[in-house]
$ cat run06.cif   # mmCIF, C-alpha atoms
data_structure
#
loop_
_atom_site.label_atom_id
_atom_site.label_comp_id
_atom_site.auth_asym_id
_atom_site.auth_seq_id
_atom_site.Cartn_x
_atom_site.Cartn_y
_atom_site.Cartn_z
CA MET A 30 2.84 13.29 -17.56
CA ASP A 31 6.55 12.85 -18.07
CA SER A 32 8.86 15.51 -16.70
CA PRO A 33 10.37 17.86 -19.29
CA PHE A 34 13.62 17.63 -17.37
CA ALA A 35 16.18 14.85 -17.65
CA CYS A 36 18.59 14.99 -14.74
CA PRO A 37 22.12 13.63 -14.96
CA ASP A 38 23.28 11.07 -12.40
CA HIS A 39 23.67 12.51 -8.93
CA GLY A 40 24.82 11.08 -5.62
CA PRO A 41 27.39 8.45 -4.68
CA SER A 42 27.36 6.51 -7.95
CA SER A 43 30.93 5.30 -7.43
CA LEU A 44 29.89 3.12 -4.45
CA ASP A 45 28.84 -0.46 -4.94
CA ARG A 46 25.34 -1.39 -3.75
CA ARG A 47 26.34 -2.93 -0.42
CA GLY A 48 28.76 -0.15 0.45
CA PHE A 49 26.25 2.46 -0.60
CA LEU A 50 23.50 1.07 1.61
CA LYS A 51 25.87 0.89 4.58
CA THR A 52 26.74 4.53 4.01
CA ALA A 53 23.02 5.28 3.66
CA ALA A 54 22.30 3.68 7.01
CA LEU A 55 25.06 5.68 8.68
CA ALA A 56 23.96 8.97 7.16
CA ALA A 57 20.31 8.29 7.81
CA ALA A 58 20.86 7.44 11.46
CA THR A 59 22.52 10.81 11.92
CA THR A 60 19.93 12.70 9.87
CA VAL A 61 16.83 11.19 11.45
CA ALA A 62 17.92 10.86 15.04
CA GLY A 63 20.13 13.94 15.15
CA ARG A 64 22.97 12.08 16.84
CA ILE A 65 26.26 10.32 16.17
CA PRO A 66 25.54 6.66 15.31
CA LEU A 67 26.89 3.97 17.59
CA LEU A 68 29.69 1.64 16.60
CA GLY A 69 28.38 -0.97 14.15
CA GLU A 70 25.19 0.90 13.21
CA ALA A 71 26.40 1.47 9.67
CA SER A 72 26.35 -2.27 9.06
CA ARG A 73 22.72 -2.66 10.16
CA LYS A 74 20.10 -2.91 7.46
CA PRO A 75 18.59 0.57 7.08
CA THR A 76 14.85 1.00 7.60
CA SER A 77 12.65 2.53 4.95
CA GLU A 78 12.41 5.69 7.08
CA THR A 79 16.16 6.11 7.36
CA LEU A 80 16.56 5.50 3.64
CA VAL A 81 13.93 8.15 2.90
CA ALA A 82 16.05 10.63 4.86
CA THR A 83 19.15 9.64 2.91
CA PHE A 84 17.28 9.73 -0.38
CA HIS A 85 15.99 13.22 0.37
CA LYS A 86 19.48 14.40 1.32
CA SER A 87 20.92 13.02 -1.93
CA LEU A 88 18.60 15.02 -4.18
CA SER A 89 20.03 17.90 -6.16
CA ALA A 90 18.21 21.24 -6.33
CA GLU A 91 16.80 20.28 -9.72
CA GLN A 92 15.62 16.91 -8.44
CA ARG A 93 13.98 18.52 -5.41
CA GLY A 94 12.02 20.66 -7.80
CA LEU A 95 10.68 17.45 -9.33
CA PHE A 96 10.10 15.27 -6.28
CA CYS A 97 9.66 17.43 -3.16
CA LEU A 98 6.46 19.07 -1.93
CA PRO A 99 5.26 20.70 1.31
CA PHE A 100 3.90 18.30 3.91
CA ASP A 101 0.41 19.83 3.76
CA HIS A 102 0.16 19.55 -0.04
CA PRO A 103 -3.26 18.07 -1.03
CA LEU A 104 -1.63 15.39 -3.19
CA ARG A 105 -0.14 13.72 -0.11
CA LEU A 106 -3.29 11.76 0.72
CA HIS A 107 -4.46 11.11 -2.83
CA VAL A 108 -4.71 7.52 -4.04
CA ASP A 109 -5.52 5.94 -7.39
CA ASN A 110 -4.98 2.74 -9.32
CA ASN A 111 -2.75 4.23 -12.04
CA TRP A 112 -1.23 7.66 -11.47
CA PHE A 113 1.99 9.61 -11.04
CA ILE A 114 2.27 11.84 -8.00
CA THR A 115 4.99 14.05 -9.54
CA LYS A 116 6.30 14.69 -13.05
CA GLY A 117 9.61 12.98 -12.34
CA ARG A 118 10.27 9.32 -13.13
CA LEU A 119 12.68 7.10 -11.25
CA GLY A 120 14.39 5.71 -14.33
CA LYS A 121 14.85 9.06 -16.03
CA ASP A 122 15.38 11.57 -13.26
CA LEU A 123 17.28 9.67 -10.56
CA SER A 124 20.76 8.16 -10.47
CA LYS A 125 21.24 4.41 -10.25
CA ASP A 126 22.04 4.67 -6.54
CA GLN A 127 18.98 6.80 -5.89
CA GLN A 128 16.85 4.29 -7.77
CA GLN A 129 18.33 1.54 -5.62
CA MET A 130 17.39 3.50 -2.50
CA VAL A 131 13.79 3.74 -3.69
CA ARG A 132 13.80 0.00 -4.39
CA GLU A 133 15.07 -0.70 -0.86
CA ILE A 134 12.50 1.68 0.63
CA PHE A 135 9.75 -0.21 -1.20
CA LEU A 136 11.05 -3.62 -0.16
CA GLY A 137 11.36 -2.46 3.45
CA LEU A 138 7.67 -1.58 3.56
CA HIS A 139 6.81 -5.25 3.01
CA SER A 140 7.30 -8.45 4.94
CA PRO A 141 10.35 -10.59 4.13
CA GLU A 142 8.04 -13.37 2.90
CA TYR A 143 6.28 -11.18 0.34
CA ALA A 144 8.62 -8.28 -0.47
CA GLU A 145 10.26 -9.72 -3.59
CA ARG A 146 6.98 -11.14 -4.92
CA VAL A 147 5.20 -7.83 -4.45
CA LEU A 148 8.06 -5.97 -6.12
CA LYS A 149 8.02 -8.41 -9.04
CA ALA A 150 4.27 -7.94 -9.50
CA THR A 151 4.63 -4.15 -9.34
CA GLU A 152 7.43 -4.15 -11.89
CA HIS A 153 5.48 -6.54 -14.14
CA ASP A 154 2.46 -4.24 -14.19
CA SER A 155 4.40 -1.04 -14.72
CA GLU A 156 3.80 0.05 -18.27
CA GLN A 157 7.43 0.73 -19.12
CA GLY A 158 10.70 0.17 -17.37
CA GLY A 159 9.54 -1.63 -14.23
CA LEU A 160 9.95 0.42 -11.07
CA GLY A 161 11.80 3.00 -13.14
CA SER A 162 8.50 4.07 -14.70
CA CYS A 163 7.05 4.95 -11.28
CA SER A 164 7.06 8.34 -9.62
CA VAL A 165 7.78 9.40 -6.04
CA ALA A 166 7.25 12.42 -3.84
CA VAL A 167 8.73 13.46 -0.52
CA PHE A 168 6.41 15.71 1.49
CA GLY A 169 8.08 17.75 4.20
CA GLU A 170 11.70 17.25 5.21
CA PRO A 171 12.86 14.07 6.97
CA GLY A 172 14.83 14.77 10.14
CA THR A 173 13.31 18.19 10.76
CA GLY A 174 9.64 17.39 11.36
CA LYS A 175 6.78 15.61 9.68
CA PHE A 176 7.48 13.89 6.38
CA GLU A 177 5.97 11.33 4.04
CA PHE A 178 7.39 9.43 1.09
CA VAL A 179 4.87 8.25 -1.52
CA LEU A 180 5.55 5.94 -4.47
CA THR A 181 2.96 5.70 -7.25
CA GLY A 182 2.48 4.09 -10.64
CA ARG A 183 0.26 1.50 -12.26
CA HIS A 184 -1.26 -0.70 -9.56
CA VAL A 185 0.72 0.87 -6.74
CA THR A 186 0.42 3.59 -4.11
CA ARG A 187 2.72 3.02 -1.12
CA ARG A 188 3.63 5.32 1.76
CA CYS A 189 6.38 5.70 4.33
CA ASP A 190 5.78 8.35 6.96
CA GLY A 191 7.74 7.44 10.10
CA ASP A 192 4.45 7.82 12.02
CA SER A 193 4.23 11.46 10.96
CA VAL A 194 0.58 10.92 10.08
CA GLU A 195 -1.09 10.12 13.40
CA GLY A 196 -3.98 7.71 13.52
CA ALA A 197 -3.56 6.42 9.97
CA ALA A 198 -2.33 2.94 9.08
CA PHE A 199 0.29 2.99 6.31
CA GLY A 200 0.38 6.79 6.59
CA GLY A 201 -2.84 7.09 4.60
CA PRO A 202 -4.80 5.24 1.91
CA ILE A 203 -2.88 2.77 -0.23
CA PHE A 204 -3.57 0.79 -3.37
CA TYR A 205 -2.19 -2.50 -4.63
CA GLY A 206 -3.08 -4.56 -7.68
CA HIS A 207 -1.82 -7.14 -10.11
CA GLN A 208 -2.67 -8.15 -13.66
CA ALA A 209 -0.94 -11.51 -13.92
CA GLY A 210 -2.14 -12.47 -17.39
CA ALA A 211 -1.41 -10.93 -20.76
CA ASP A 212 -5.06 -10.03 -21.29
CA ASP A 213 -6.92 -7.54 -19.15
CA GLU A 214 -9.35 -10.19 -17.91
CA GLU A 215 -7.82 -13.04 -15.94
CA ARG A 216 -9.26 -16.54 -15.78
CA PRO A 217 -11.61 -17.28 -12.87
CA ASP A 218 -8.82 -19.00 -10.90
CA HIS A 219 -6.45 -16.04 -11.43
CA PRO A 220 -3.30 -18.10 -12.12
CA ASP A 221 -0.05 -16.47 -10.92
CA ASN A 222 -1.82 -13.50 -9.36
CA VAL A 223 0.16 -12.67 -6.23
CA TYR A 224 -2.90 -11.37 -4.38
CA TRP A 225 -5.64 -13.84 -5.37
CA TYR A 226 -5.01 -15.90 -2.23
CA GLN A 227 -6.70 -13.09 -0.29
CA ALA A 228 -9.99 -13.59 -2.12
CA LYS A 229 -9.75 -17.35 -1.57
CA ARG A 230 -9.44 -16.76 2.18
CA ALA A 231 -12.43 -14.39 2.16
CA ASN A 232 -14.50 -16.90 0.21
CA GLU A 233 -13.76 -19.47 2.91
CA VAL A 234 -15.72 -17.23 5.28
CA PHE A 235 -18.62 -17.12 2.81
CA GLN A 236 -18.67 -20.92 2.74
CA MET A 237 -19.00 -20.92 6.54
CA LEU A 238 -22.16 -18.79 6.42
CA ASP A 239 -25.61 -20.35 6.61
CA GLY A 240 -28.30 -19.56 4.06
CA LYS A 241 -29.74 -16.58 5.93
CA GLN A 242 -26.29 -15.10 6.54
CA ARG A 243 -25.34 -15.52 2.88
CA SER A 244 -28.46 -13.67 1.75
CA VAL A 245 -27.37 -10.67 3.84
CA ALA A 246 -23.68 -10.84 2.91
CA LEU A 247 -24.25 -11.17 -0.84
CA VAL A 248 -25.21 -7.90 -2.55
CA ASP A 249 -25.86 -6.98 -6.17
CA ARG A 250 -22.80 -4.78 -6.47
CA LEU A 251 -20.37 -2.77 -4.37
CA ARG A 252 -18.69 0.60 -4.83
CA ARG A 253 -17.39 2.26 -7.97
CA GLU A 254 -13.69 3.01 -8.23
CA HIS A 255 -13.04 6.72 -8.39
CA ALA A 256 -9.59 7.63 -7.04
CA THR A 257 -9.59 8.81 -3.41
CA GLU A 258 -13.40 8.79 -3.29
CA THR A 259 -13.17 4.99 -3.49
CA VAL A 260 -11.83 4.83 0.07
CA LYS A 261 -14.01 7.53 1.62
CA LEU A 262 -14.92 6.53 5.18
CA THR A 263 -18.46 6.92 6.51
CA GLY A 264 -17.98 6.78 10.28
CA LEU A 265 -21.12 4.59 10.47
CA LYS A 266 -21.35 1.55 12.73
CA THR A 267 -24.51 0.28 11.04
CA GLY A 268 -26.00 0.33 7.56
CA GLN A 269 -22.89 -0.72 5.62
CA PRO A 270 -23.31 -3.24 2.78
CA GLY A 271 -23.22 -6.89 3.82
CA ILE A 272 -23.41 -8.66 7.14
CA PRO A 273 -22.15 -7.13 10.41
CA LEU A 274 -19.59 -9.30 12.14
CA ARG A 275 -21.60 -9.17 15.36
CA ASP A 276 -24.12 -11.40 13.58
CA LEU A 277 -21.52 -14.10 12.95
CA SER A 278 -20.68 -16.97 15.26
CA ARG A 279 -17.44 -16.94 17.21
CA ASP A 280 -15.67 -19.33 14.82
CA GLN A 281 -16.85 -17.29 11.84
CA ARG A 282 -15.50 -14.08 13.41
CA ASP A 283 -12.24 -15.83 14.22
CA HIS A 284 -11.91 -16.78 10.56
CA VAL A 285 -12.49 -13.14 9.55
CA ARG A 286 -9.58 -12.24 11.82
CA LYS A 287 -7.48 -14.79 9.96
CA VAL A 288 -8.55 -13.17 6.69
CA MET A 289 -7.44 -9.79 8.03
CA ALA A 290 -4.07 -11.30 8.96
CA ASP A 291 -3.77 -12.68 5.41
CA LEU A 292 -4.63 -9.28 3.94
CA LEU A 293 -1.88 -7.70 6.04
CA ALA A 294 0.70 -10.45 5.46
CA PRO A 295 2.48 -8.70 2.56
CA PHE A 296 3.25 -5.63 4.69
CA ARG A 297 5.92 -5.09 7.33
CA LYS A 298 4.95 -6.10 10.84
CA ALA A 299 4.89 -2.58 12.29
CA ASP A 300 2.32 -1.42 9.73
CA ALA A 301 0.27 -4.61 10.02
CA ASP A 302 0.18 -4.32 13.82
CA GLU A 303 -0.83 -0.67 13.68
CA ALA A 304 -3.61 -1.44 11.19
CA MET A 305 -5.11 -4.17 13.37
CA LYS A 306 -4.80 -2.01 16.47
CA LEU A 307 -6.85 0.71 14.77
CA VAL A 308 -9.41 -1.80 13.48
CA GLU A 309 -9.90 -3.29 16.94
CA ALA A 310 -10.10 0.16 18.56
CA ASN A 311 -13.01 1.08 16.30
CA GLY A 312 -14.89 -2.12 17.08
CA PHE A 313 -14.20 -5.36 15.25
CA ASP A 314 -17.85 -6.43 15.58
CA ASP A 315 -18.93 -3.21 13.81
CA LEU A 316 -17.18 -4.33 10.62
CA HIS A 317 -19.37 -5.49 7.74
CA LEU A 318 -18.39 -8.22 5.27
CA ALA A 319 -19.92 -8.07 1.79
CA PHE A 320 -19.58 -10.06 -1.43
CA SER A 321 -20.70 -8.82 -4.83
CA LYS A 322 -22.73 -10.83 -7.35
CA SER A 323 -21.46 -8.46 -10.02
CA GLY A 324 -17.98 -9.29 -11.31
CA ASP A 325 -18.13 -13.02 -10.64
CA LEU A 326 -15.68 -14.30 -13.26
CA GLY A 327 -16.83 -17.59 -14.75
CA GLY A 328 -20.08 -17.48 -12.78
CA ASP A 329 -18.57 -20.00 -10.37
CA GLY A 330 -19.81 -18.51 -7.10
CA VAL A 331 -16.25 -17.80 -5.97
CA TRP A 332 -16.81 -14.11 -5.40
CA ASP A 333 -14.13 -12.00 -7.07
CA VAL A 334 -15.36 -8.72 -5.58
CA TRP A 335 -15.79 -8.23 -1.83
CA GLN A 336 -15.00 -5.84 0.98
CA ILE A 337 -14.63 -5.40 4.72
CA GLU A 338 -15.90 -2.01 5.90
CA GLY A 339 -16.26 -0.35 9.27
CA PRO A 340 -16.69 3.15 10.72
CA ALA A 341 -13.08 4.12 10.04
CA MET A 342 -11.72 1.41 7.75
CA LEU A 343 -12.23 -0.02 4.29
CA TRP A 344 -10.55 -2.91 2.52
CA TYR A 345 -12.11 -3.22 -0.93
CA PHE A 346 -10.96 -6.08 -3.16
CA ARG A 347 -12.02 -6.15 -6.79
CA GLY A 348 -10.77 -9.29 -8.57
CA SER A 349 -12.53 -8.69 -11.88
CA PRO A 350 -11.12 -8.33 -14.52
CA HIS A 351 -7.90 -8.47 -12.44
CA VAL A 352 -7.00 -7.54 -8.89
CA HIS A 353 -7.46 -4.01 -7.58
CA SER A 354 -7.39 -3.47 -3.83
CA TRP A 355 -8.07 -0.22 -1.99
CA VAL A 356 -7.21 0.24 1.68
CA ASN A 357 -7.93 3.01 4.17
CA ILE A 358 -7.65 2.41 7.92
CA ARG A 359 -7.78 5.28 10.39
CA ARG A 360 -8.40 6.01 14.03
CA ASP A 361 -11.22 8.37 13.13
CA ALA A 362 -13.19 8.63 9.89
CA GLY A 363 -13.04 12.42 9.95
CA ALA A 364 -9.31 12.68 10.62
#

$ encode --input "run06.cif" --output "structure tokens"
Amino acid sequence: MDSPFACPDHGPSSLDRRGFLKTAALAAATTVAGRIPLLGEASRKPTSETLVATFHKSLSAEQRGLFCLPFDHPLRLHVDNNWFITKGRLGKDLSKDQQQMVREIFLGLHSPEYAERVLKATEHDSEQGGLGSCSVAVFGEPGTGKFEFVLTGRHVTRRCDGDSVEGAAFGGPIFYGHQAGADDEERPDHPDNVYWYQAKRANEVFQMLDGKQRSVALVDRLRREHATETVKLTGLKTGQPGIPLRDLSRDQRDHVRKVMADLLAPFRKADADEAMKLVEANGFDDLHLAFSKSGDLGGDGVWDVWQIEGPAMLWYFRGSPHVHSWVNIRRDAGA
């Protein structure tokens, strides 16, 4: 899937990293807002959205042919566990400064507490060249209307849309994963896996359930992974796998809310807040929590595969043989 083109370095390669990002912030403020930036704005840390605008502006005609697509292109809302949204590769087809912009965009989409750890896990799992082996696409044109930036590779699909995609947390479905060990199958305790803590929190809820509740929450198996179909939303308030949250006690539901907060902890606050707002709007008590007997590494009853699903949201966590997590949260299942 590699691009047949190898672009020379483009953009402000003579600037050092700090000076370049200050210039990026200044240019992006002008591009996105359509105004002259105020005194001191250039020294502020640029947001992922403003850096997307600067990144887009820096692309040569040849690079745009590799990385730019119309906003309504069907690939924009595709998601998978290991894929490349365009033929271009960061390490081969972008300059060092442009690569640094993409890195900063990625970091800016995550919380300060998790950003570097998430980046390290993503670079570890990339098959060659760390983040340089990933691919990006810019849909639409930042500063002139709707746009979305999408970064993809092994165990990563991340989005930055500047709220161009209404009613969709993260701008659409995302994927994150981590294979911490050298072998495909991790040990039951998933040592060094950056995301395993999320399953531990979910299993705390399972331990709070009584026998009858556990019999409803524990199912033989959950969904198959098949690209975007994995996160297809049903719009149903009843009939999902597992136990509806309305059937839990207040303290059990409160713990599920804490689990949701832990799931969202790696992401920047604005995206996490939007996600929870959409979840609550669709009815928190209509969510269903399910754990899968299939995929229990070590047969230890610490369920590696589980999900939270509602009418217009899905968070599917598959920890066997290593972590895959699929997320789709919307205002409306049919949107």

$ closest_atom_pairs --input "run06.cif" --of "range 82-181 of chain A" --to "range 341-355 of chain A" --cutoff "12 Å" --atoms "only C-alpha atoms" --output "JSON lines"
{"residue": "A:His107", "atom": "CA", "partner": "A:Trp355", "partner_atom": "CA", "distance": 11.9}
{"residue": "A:Val108", "atom": "CA", "partner": "A:Trp355", "partner_atom": "CA", "distance": 8.7}
{"residue": "A:Asp109", "atom": "CA", "partner": "A:Trp355", "partner_atom": "CA", "distance": 8.6}
{"residue": "A:Asn110", "atom": "CA", "partner": "A:His353", "partner_atom": "CA", "distance": 7.4}
{"residue": "A:Asn111", "atom": "CA", "partner": "A:His353", "partner_atom": "CA", "distance": 10.5}
{"residue": "A:Ala150", "atom": "CA", "partner": "A:Val352", "partner_atom": "CA", "distance": 11.3}
{"residue": "A:Asp154", "atom": "CA", "partner": "A:His351", "partner_atom": "CA", "distance": 11.3}

$ resolve_selection --input "run06.cif" --expression "the PyMOL selection byres ((chain A and resi 203) around 9)" --output "PyMOL selection string"
chain A and resi 107-109+185-188+199-202+204-205+354-357

$ atom_distance --input "run06.cif" --atom1 "CA of Leu326 in chain A" --atom2 "CA of Glu254 in chain A"
18.1 Å

$ resolve_selection --input "run06.cif" --expression "the PyMOL selection byres ((chain A and resi 301) around 10)" --output "ChimeraX atom specification"
/A:139-140,198-199,289-290,292-300,302-306

$ atom_distance --input "run06.cif" --atom1 "CA of His85 in chain A" --atom2 "CA of Gly120 in chain A"
16.6 Å

$ resolve_selection --input "run06.cif" --expression "the PyMOL selection byres ((chain A and resi 170-183) around 8)" --output "PDB file with C-alpha atoms, keeping the file's coordinate frame"
ATOM      1  CA  THR A  60      19.930  12.700   9.870  1.00  0.00           C
ATOM      2  CA  VAL A  61      16.830  11.190  11.450  1.00  0.00           C
ATOM      3  CA  ALA A  62      17.920  10.860  15.040  1.00  0.00           C
ATOM      4  CA  GLY A  63      20.130  13.940  15.150  1.00  0.00           C
ATOM      5  CA  VAL A  81      13.930   8.150   2.900  1.00  0.00           C
ATOM      6  CA  ALA A  82      16.050  10.630   4.860  1.00  0.00           C
ATOM      7  CA  HIS A  85      15.990  13.220   0.370  1.00  0.00           C
ATOM      8  CA  PHE A 100       3.900  18.300   3.910  1.00  0.00           C
ATOM      9  CA  ARG A 105      -0.140  13.720  -0.110  1.00  0.00           C
ATOM     10  CA  ASN A 110      -4.980   2.740  -9.320  1.00  0.00           C
ATOM     11  CA  ASN A 111      -2.750   4.230 -12.040  1.00  0.00           C
ATOM     12  CA  TRP A 112      -1.230   7.660 -11.470  1.00  0.00           C
ATOM     13  CA  PHE A 113       1.990   9.610 -11.040  1.00  0.00           C
ATOM     14  CA  ILE A 114       2.270  11.840  -8.000  1.00  0.00           C
ATOM     15  CA  THR A 151       4.630  -4.150  -9.340  1.00  0.00           C
ATOM     16  CA  ASP A 154       2.460  -4.240 -14.190  1.00  0.00           C
ATOM     17  CA  SER A 155       4.400  -1.040 -14.720  1.00  0.00           C
ATOM     18  CA  GLU A 156       3.800   0.050 -18.270  1.00  0.00           C
ATOM     19  CA  SER A 162       8.500   4.070 -14.700  1.00  0.00           C
ATOM     20  CA  CYS A 163       7.050   4.950 -11.280  1.00  0.00           C
ATOM     21  CA  SER A 164       7.060   8.340  -9.620  1.00  0.00           C
ATOM     22  CA  VAL A 165       7.780   9.400  -6.040  1.00  0.00           C
ATOM     23  CA  ALA A 166       7.250  12.420  -3.840  1.00  0.00           C
ATOM     24  CA  VAL A 167       8.730  13.460  -0.520  1.00  0.00           C
ATOM     25  CA  PHE A 168       6.410  15.710   1.490  1.00  0.00           C
ATOM     26  CA  GLY A 169       8.080  17.750   4.200  1.00  0.00           C
ATOM     27  CA  HIS A 184      -1.260  -0.700  -9.560  1.00  0.00           C
ATOM     28  CA  VAL A 185       0.720   0.870  -6.740  1.00  0.00           C
ATOM     29  CA  THR A 186       0.420   3.590  -4.110  1.00  0.00           C
ATOM     30  CA  ARG A 187       2.720   3.020  -1.120  1.00  0.00           C
ATOM     31  CA  ARG A 188       3.630   5.320   1.760  1.00  0.00           C
ATOM     32  CA  CYS A 189       6.380   5.700   4.330  1.00  0.00           C
ATOM     33  CA  ASP A 190       5.780   8.350   6.960  1.00  0.00           C
ATOM     34  CA  GLY A 191       7.740   7.440  10.100  1.00  0.00           C
ATOM     35  CA  SER A 193       4.230  11.460  10.960  1.00  0.00           C
ATOM     36  CA  VAL A 194       0.580  10.920  10.080  1.00  0.00           C
ATOM     37  CA  GLY A 200       0.380   6.790   6.590  1.00  0.00           C
TER      38      GLY A 200
END

$ closest_residue --input "run06.cif" --among "A:Gly161, A:Pro273, A:Gly330, A:Gly210" --to "Glu233 in chain A" --atoms "all atoms listed in the file"
A:Gly330

$ closest_residue --input "run06.cif" --among "A:Glu133, A:Asp249, A:Glu214, A:Asp315" --to "Val334 in chain A" --atoms "all atoms listed in the file"
A:Asp249

$ axis_aligned_box --input "run06.cif" --around "range 131-148 of chain A" --padding-each-side "8 Å" --output "JSON"
{"center_x": 10.1, "center_y": -4.8, "center_z": -0.6, "size_x": 25.9, "size_y": 33.1, "size_z": 27.1}

$ closest_residue --input "run06.cif" --among "A:Gln336, A:Asp329, A:His255, A:Asp291" --to "Ile272 in chain A" --atoms "all atoms listed in the file"
A:Gln336

$ atom_distance --input "run06.cif" --atom1 "CA of Val245 in chain A" --atom2 "CA of Ala362 in chain A"
24.7 Å

$ residues_around --input "run06.cif" --residues "range 280-286 of chain A" --least-positions-apart "6" --cutoff "8 Å" --atoms "only C-alpha atoms" --output "PyMOL selection string"
chain A and resi 231+234+237-238+274

$ closest_residue --input "run06.cif" --among "A:Ala209, A:Leu123, A:Ala90, A:Ala319" --to "Glu152 in chain A" --atoms "only C-alpha atoms"
A:Ala209
